[in-house]
Each structure stands twice: as C-alpha cells, then as structure tokens.
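A.B. asks: This is model-v7.txt, which holds compact mmCIF, C-alpha atoms and all ligand atoms:
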# COMPACT_ATOMS: atom_id res chain seq x y z
CA MET A 251 -9.30 -11.53 -52.45
CA LYS A 252 -10.33 -11.37 -48.83
CA TYR A 253 -8.31 -10.38 -45.77
CA ASN A 254 -9.26 -10.54 -42.11
CA MET A 255 -8.43 -7.16 -40.65
CA LEU A 256 -8.68 -7.47 -36.90
CA ASN A 257 -8.09 -3.81 -36.11
CA CYS A 258 -10.49 -2.44 -38.72
CA GLY A 259 -13.15 -0.38 -36.97
CA GLY A 260 -15.59 -0.47 -39.89
CA CYS A 261 -15.60 3.27 -40.53
CA ARG A 262 -15.79 2.60 -44.31
CA SER A 263 -13.80 5.70 -45.21
CA CYS A 264 -11.85 3.43 -47.58
CA GLU A 265 -15.02 2.61 -49.56
CA LEU A 266 -15.84 6.31 -49.90
CA ALA A 267 -12.27 7.13 -50.92
CA CYS A 268 -12.19 4.32 -53.48
CA SER A 269 -15.44 5.38 -55.08
CA PHE A 270 -14.11 8.92 -55.31
CA HIS A 271 -10.99 7.59 -57.03
CA HIS A 272 -13.09 5.86 -59.69
CA THR A 273 -15.93 8.32 -60.24
CA GLY A 274 -15.15 11.61 -58.50
CA LYS A 275 -18.20 10.99 -56.28
CA PHE A 276 -18.78 9.43 -52.87
CA GLU A 277 -20.66 6.33 -53.90
CA PRO A 278 -19.51 3.27 -51.91
CA SER A 279 -21.58 0.88 -54.05
CA VAL A 280 -18.98 1.18 -56.83
CA SER A 281 -15.91 0.74 -54.59
CA SER A 282 -13.28 -1.93 -55.42
CA LEU A 283 -12.86 -2.45 -51.70
CA ILE A 284 -15.70 -3.93 -49.68
CA VAL A 285 -15.83 -3.90 -45.89
CA ILE A 286 -17.68 -7.03 -44.74
CA ASP A 287 -19.03 -7.38 -41.24
CA LYS A 288 -17.87 -10.44 -39.30
CA GLU A 289 -20.61 -11.44 -36.90
CA ASP A 290 -18.57 -13.64 -34.62
CA LEU A 291 -15.06 -12.21 -34.70
CA ARG A 292 -13.25 -8.99 -33.95
CA GLY A 293 -12.66 -6.59 -36.83
CA PHE A 294 -13.90 -6.81 -40.39
CA THR A 295 -13.15 -8.68 -43.58
CA ILE A 296 -11.73 -6.55 -46.37
CA GLU A 297 -12.36 -7.70 -49.92
CA LEU A 298 -10.42 -6.27 -52.86
CA LEU A 299 -11.87 -6.92 -56.32
CA GLU A 300 -9.63 -8.27 -59.06
CA LYS A 301 -12.28 -7.78 -61.72
CA SER A 302 -15.13 -5.35 -62.17
CA GLU A 303 -18.48 -6.81 -61.18
CA ASP A 304 -21.96 -5.30 -61.34
CA ASP A 305 -21.43 -1.58 -60.65
CA ARG A 306 -18.11 -2.10 -58.91
CA PHE A 307 -14.72 -1.30 -60.41
CA ALA A 308 -11.69 -3.58 -60.22
CA CYS A 309 -8.91 -2.31 -57.97
CA ASP A 310 -6.15 -0.69 -60.03
CA GLY A 311 -3.99 0.05 -57.00
CA CYS A 312 -4.64 3.77 -57.55
CA GLU A 313 -1.99 3.74 -60.24
CA GLY A 314 -0.28 7.09 -60.58
CA LEU A 315 -0.98 8.25 -57.04
CA GLU A 316 1.81 8.46 -54.51
CA GLU A 317 -0.50 6.92 -51.91
CA PRO A 318 -3.67 4.97 -52.76
CA LEU A 319 -6.75 6.84 -51.56
CA CYS A 320 -8.06 3.97 -49.42
CA ILE A 321 -4.74 3.93 -47.55
CA GLU A 322 -4.63 7.69 -47.17
CA TRP A 323 -7.99 7.73 -45.36
CA CYS A 324 -7.62 4.59 -43.24
CA LYS A 325 -6.88 5.00 -39.54
CA GLN A 326 -5.22 1.57 -39.57
CA LYS A 327 -3.27 2.26 -42.72
CA ASP A 328 -0.28 0.03 -41.92
CA ASP A 329 -2.41 -3.11 -42.08
CA LEU A 330 -4.46 -2.03 -45.07
CA GLU A 331 -1.27 -1.12 -46.93
CA LYS A 332 0.09 -4.62 -46.26
CA TYR A 333 -3.05 -6.28 -47.66
CA LEU A 334 -3.11 -4.03 -50.71
CA ALA A 335 0.54 -4.83 -51.45
CA ASP A 336 -0.20 -8.57 -51.20
CA PHE A 337 -3.26 -8.16 -53.43
CA MET A 338 -1.33 -6.25 -56.12
CA LYS A 339 1.51 -8.79 -56.04
CA LYS A 340 -0.86 -11.74 -56.54
CA LYS A 341 -2.96 -9.87 -59.11
CA ASN A 342 0.08 -8.96 -61.20
CA LYS A 343 1.30 -12.55 -61.20
CA LYS A 344 -1.89 -13.72 -62.95
S1 LIG B 1 -5.98 1.06 -54.18
FE1 LIG B 1 -7.71 -0.10 -55.02
S2 LIG B 1 -9.16 -0.30 -53.32
FE2 LIG B 1 -7.71 1.32 -52.79
S3 LIG B 1 -8.72 3.23 -53.45
FE3 LIG B 1 -7.35 2.55 -55.09
S4 LIG B 1 -8.65 1.35 -56.46
FE4 LIG B 1 -9.72 1.51 -54.49
S1 LIG B 2 -10.83 2.89 -43.64
FE1 LIG B 2 -9.58 1.33 -42.60
S2 LIG B 2 -10.51 1.14 -40.57
FE2 LIG B 2 -12.01 2.18 -41.86
S3 LIG B 2 -13.28 0.50 -42.69
FE3 LIG B 2 -11.65 0.87 -44.18
S4 LIG B 2 -10.04 -0.61 -43.63
FE4 LIG B 2 -11.42 -0.42 -41.87
Give the structure from the file, written as structure tokens.
Ligand code: SF4
Ligand code: SF4

C.D. replies:
Amino acid sequence: MKYNMLNCGGCRSCELACSFHHTGKFEPSVSSLIVIDKEDLRGFTIELLEKSEDDRFACDGCEGLEEPLCIEWCKQKDDLEKYLADFMKKKNKK
C-alpha cells in the first residue's frame, strides 16, 4: 500500500531501521518500507509491503515491540504512525 507523505524529508532512516528489525543488519534493500521519490510533488511516497517480494520482507508491524522501529527513527513519526496503523488495519481485514 502506498501513502503520500508530504512532510517526509527522504532521510530513509525508516528503511535502515526496518532492515535491522528483519535481519539485524542495516540493509535497506530488504526493508518492508520503501521510500519512493516523487519528482513533481513535495515529500515522498511511502510504500508498505503486504507480502514478501524478491529480497524484501512483508511488514509485520514490528509485532512484539512497544514502538515499531520505523516509527522510532522517523522525524515525522506522527504521520508515519498514522499510515502504519491504516496499513495494519487493512492488512488484518484481508
Ligand atoms: S512496522 Fe513494518 S515497516 Fe516498520 S519497521 Fe516494522 S516491519 Fe518495517
Ligand atoms: S524516516 Fe520518516 S522522514 Fe525519514 S524517509 Fe522515512 S518516513 Fe521519511
């Protein structure tokens, strides 16, 4: 699922944090969260993966953690938290 995050600065700390959650290493290519550059608009598009694909893991919502790692390291955590909650709600309905 994709979300337009207008105040995302593209630091990609969330990708690093997510990869660490899955593998214990900083390897953004396996992250469940992908930060996509928007050429014409402000901010970035955030994609959260429902299913694993190629080397990437599906987002499990960081089950068991008090705060998901991507949220913990995001400077705009209020917005990212909102998108993650929406993603988990829709994912769990399927
Ligand atoms: S909540 Fe999902 S996207 Fe965020 S760090 Fe955890 S697995 Fe990755
Ligand atoms: S950590 Fe937050 S601000 Fe940085 S790229 Fe990810 S969503 Fe954007």

A.B. asks: Measuring between only C-alpha atoms, which one of A:Pro318, A:Leu334, A:Lys327, A:Asn342 shows the shortest distance to His272 of chain A?

C.D. replies: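 Smallest distance to His272 of chain A is found for A:Pro318.
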
A.B. asks: I need the residue nearest Leu266 of chain A from this list: A:Ala335, A:Met251, A:Leu291, A:Ile284. Use all atoms listed in the file for the distance.

C.D. replies: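 Smallest separation from Leu266 of chain A among the options: A:Ile284.
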
A.B. asks: Once you count all atoms listed in the file, what closest atom pair and distance in Å to one decimal does each residue of chain A within 6 Å of ligand LIG 1 (chain B) have, with rows by chain and rising residue number, as JSON lines?

C.D. replies:
{"residue": "A:Ala267", "atom": "CA", "partner": "B:LIG1", "partner_atom": "S3", "distance": 5.8}
{"residue": "A:Cys268", "atom": "CA", "partner": "B:LIG1", "partner_atom": "S3", "distance": 3.6}
{"residue": "A:Ser282", "atom": "CA", "partner": "B:LIG1", "partner_atom": "S2", "distance": 4.9}
{"residue": "A:Leu283", "atom": "CA", "partner": "B:LIG1", "partner_atom": "S2", "distance": 4.6}
{"residue": "A:Cys309", "atom": "CA", "partner": "B:LIG1", "partner_atom": "FE1", "distance": 3.9}
{"residue": "A:Asp310", "atom": "CA", "partner": "B:LIG1", "partner_atom": "S4", "distance": 4.8}
{"residue": "A:Gly311", "atom": "CA", "partner": "B:LIG1", "partner_atom": "S1", "distance": 3.6}
{"residue": "A:Cys312", "atom": "CA", "partner": "B:LIG1", "partner_atom": "FE3", "distance": 3.9}
{"residue": "A:Pro318", "atom": "CA", "partner": "B:LIG1", "partner_atom": "S1", "distance": 4.8}
{"residue": "A:Leu319", "atom": "CA", "partner": "B:LIG1", "partner_atom": "S3", "distance": 4.5}
{"residue": "A:Cys320", "atom": "CA", "partner": "B:LIG1", "partner_atom": "S3", "distance": 4.2}

A.B. asks: Residues within 10 Å of ligand LIG 2 (chain B) should be enumerated using all atoms listed in the file and returned as a PyMOL selection string.

C.D. replies: chain A and resi 255-268+283-287+293-297+319-331+333

A.B. asks: Enter the distance from atom CA of Gly274 of chain A to atom CA of Leu315 of chain A, in Å, rounded to one decimal.

C.D. replies: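 Spanning atom CA of Gly274 of chain A to atom CA of Leu315 of chain A is a straight-line distance of 14.6 Å.
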
A.B. asks: Could you tell me how far atom CA of Glu313 of chain A lies from atom CA of Val280 of chain A, in Å and to one decimal?

C.D. replies: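 Separation of atom CA of Glu313 of chain A and atom CA of Val280 of chain A: 17.5 Å.
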
A.B. asks: Work out how far apart atom CA of Leu298 of chain A and atom CA of Lys339 of chain A are and give it in Å to one decimal.

C.D. replies: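 Atom-to-atom, atom CA of Leu298 of chain A and atom CA of Lys339 of chain A are spaced 12.6 Å apart.
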
A.B. asks: Considering all atoms listed in the file, can you say which of A:Ser279, A:Glu300, A:Asp290, A:Phe270 comes closest to Phe337 of chain A?

C.D. replies: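 Result for the nearest residue to Phe337 of chain A: A:Glu300.
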
A.B. asks: Using all atoms listed in the file, can you tell me which of A:Pro278, A:Glu316, A:Ala308, A:His271 comes closest to Met338 of chain A?

C.D. replies: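 Residue with the minimum atom-to-atom distance to Met338 of chain A: A:Ala308.
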
A.B. asks: Could you check the closest approach to Ser269 of chain A for each of A:Arg292, A:Arg306, A:Lys341, A:Lys332 and tell me which residue wins, using only C-alpha atoms?

C.D. replies: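 Smallest separation from Ser269 of chain A among the options: A:Arg306.
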